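K.L.:
Structure below; questions to follow.
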Amino acid sequence: MDAREWIERFAELVEAEADHLTRLDAAIGDGDHGTNLNRGLRAAMASLHADLPPGKVLTTAGRALISKTGGASGPLYGTALRRAGKALGDTPEVGAGELATALRAALEGVRELGRAEEGDKTMIDALAPAVAAYAATAAEGMPAAVRAALDAAEKGAEATIPLQARKGRASYLGARSVGHLDPGAASTVLLFRALADVTPAGA
Ligand code: ADP
Ligand code: MG
């Protein structure tokens, strides 16, 4: 897994979907999720110097996301990447097992910071099933595991539609948050789509 390619691809997908993410956030939040994440990921890309090991790519990008994204999602995504990067340490190669450890650390970081559980209608609803699906499939190799993670993230995000938000800005809407896709869950799908895009079938 090439960490830089992963973040680069995530940035591309977020840029392409920024308007959509912002519209989702306009329905149950303050309409800035696409703008926030786009800004943060540009800063993250700019912070990446050449020749960083994969763990350092993720911690560096994470730090930029925390300081430049704005909104609740910046610190959450930034923490996810920082924890994932720390879990990788100095390893020069990220195989299926290392990525499992990194993804678990990312999920733990988001849980600790945001204190959201599955079902609260947040990015956790896409991230937690994706990490679980990855771990359950990792023995089959990275391409299969990444594909399983993407499928689970998509299903998890879709499943936020009927939920009432219990965390974040959308929770202020109470029952009016029902019937809308959570923007952070939608962007988490892009994180896993990016991972799938940069993981060739024979990897
Ligand atoms: P803000 O809500 O500050 O405007 P964004 O619009 O960028 O920030 O991000 C909103 C997204 O952040 C939500 O859709 C949700 O997925 C996620 N989020 C908000 N609060 C939490 C939390 N406590 N734990 C996990 N994710 C959260
Ligand atoms: Mg917002």
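Going by the structure tokens order, chains are called A, B, ..., each with residues numbered from 1, while ligands are numbered from 1 in the order shown.
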Write as a PyMOL selection string the residues around ligand 1, taking 6 Å as the cut-off and counting only C-alpha atoms and all ligand atoms.

P.N.:
chain A and resi 25+30+32-33+36+71-73+114-116+122-124+167-169+182-185

K.L.:
Excluding same-chain residues fewer than 3 positions from region 57-64 of chain A, what lies within 6 Å of it counting only C-alpha atoms, as a PyMOL selection string?

P.N.:
chain A and resi 43-44+52+54+67-68+78+81-82+85

K.L.:
Find the distance between CA of Gly95 (chain A) and CA of Met1 (chain A) and write it in Å to one decimal.

P.N.:
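Those two atoms sit 6.7 Å apart.
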
K.L.:
Using only C-alpha atoms and all ligand atoms, which residue out of A:Asp125, A:Ser171, A:Gly55, A:Val198 lies closest to ligand 2?

P.N.:
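Using only C-alpha atoms and all ligand atoms, the shortest distance to ligand 2 belongs to A:Ser171.
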
K.L.:
With distances taken over only C-alpha atoms, which of A:Leu99, A:Ala16, A:Ala80, A:Ala128 is nearest to Thr199 (chain A)?

P.N.:
A:Leu99

K.L.:
Just want the 10 Å neighbourhood of Leu13 (chain A), counted on only C-alpha atoms, with same-chain residues fewer than 4 positions away dropped. Output as a count of residues only.

P.N.:
11

K.L.:
What is the distance, in Å and to one decimal place, between CA of Pro143 (chain A) and CA of Ala186 (chain A)?

P.N.:
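Pair CA of Pro143 (chain A) / CA of Ala186 (chain A) returns 21.5 Å.
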
K.L.:
Quick one: residues within 12 Å of Glu98 (chain A), only C-alpha atoms counted, chain neighbours fewer than 6 positions away excluded, as a list of chain:residue names?

P.N.:
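So the residues in contact are A:Met1, A:Pro54, A:Gly55, A:Ala84, A:Gly85, A:Lys86, A:Ala87, A:Leu88, A:Gly89, A:Asp90, A:Thr91, A:Pro92, A:Arg104, A:Ala105, A:Tyr134, A:Ala135, A:Ala138, A:Ala139, A:Gly141, A:Met142.
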
K.L.:
Based on the backbone DSSP call, show me all residues of region 48-133 of chain A assigned alpha helix (DSSP H), as a ChimeraX atom specification.

P.N.:
/A:54-68,73-88,96-114,124-133

K.L.:
So, counting only C-alpha atoms and all ligand atoms, which residue among A:Val146, A:Ala133, A:Ile66, A:Ala170 is closest to ligand 2?

P.N.:
A:Ala170

K.L.:
What's the separation between CA of Gly97 (chain A) and CA of Val131 (chain A), in Å to one decimal place?

P.N.:
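It comes out at 12.3 Å.
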
K.L.:
Smallest atom-to-atom distance to Leu107 (chain A): which of A:Thr69, A:Thr188, A:Ser47, A:Ser177, using only C-alpha atoms?

P.N.:
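Smallest distance to Leu107 (chain A) is found for A:Thr188.
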